[in-house]
Amino acid sequence: IIPTQTPTNTATNTATSTNTATNTATYTNTATNTATYTSTNTATNTATSTATATPTTTCPNGYSGSGSINCSPLPCTLGNVIENSKTFCEGKTGDKCEYICNKGFTSFGEHICQSNSIFSGGSCQDITNPILLNSTIKSTNKFKNNF
């Protein structure tokens, strides 16, 4: 089973800014004007960015595996017993139960663990059921007529 992956992106951004300014002015007033200016500007800028992508998994129905890339089939918890059979079915999604019917009954259909965690599809039919007998006789005659 191939899981569906959806990436989750996380981003962290940090910005630091430092500005320092020093201004010095000296004035001397006499008959002549003298001016001295000292200016110092310092700028420090730091930017950090981190992005992380983390895949998350979405498993199909009947499978589990949240957050990982592996999906495991779920066990069937219902439909484990077929009427007129002593077989107890155990399995996980997609597993087929090999069942045996009680004396006087015949197996009909495959009993398979479905994605809803329920075994279904198989049954034990009464061999004296007129509908089943009629169906068997018709199919037997069909084959006889082909030879």
# chains A, B, ... in the order shown; residues from 1 in each chain; ligands from 1
call {"tool": "select_by_dssp", "arguments": {"residues": "range 57-134 of chain A", "states": "strand (DSSP E or B)", "output": "PyMOL selection string"}}
result
chain A and resi 57-58+63-64+72-73+75+78+81+85+88+92+96-97+101+105-108+111-113+118-120+123-126
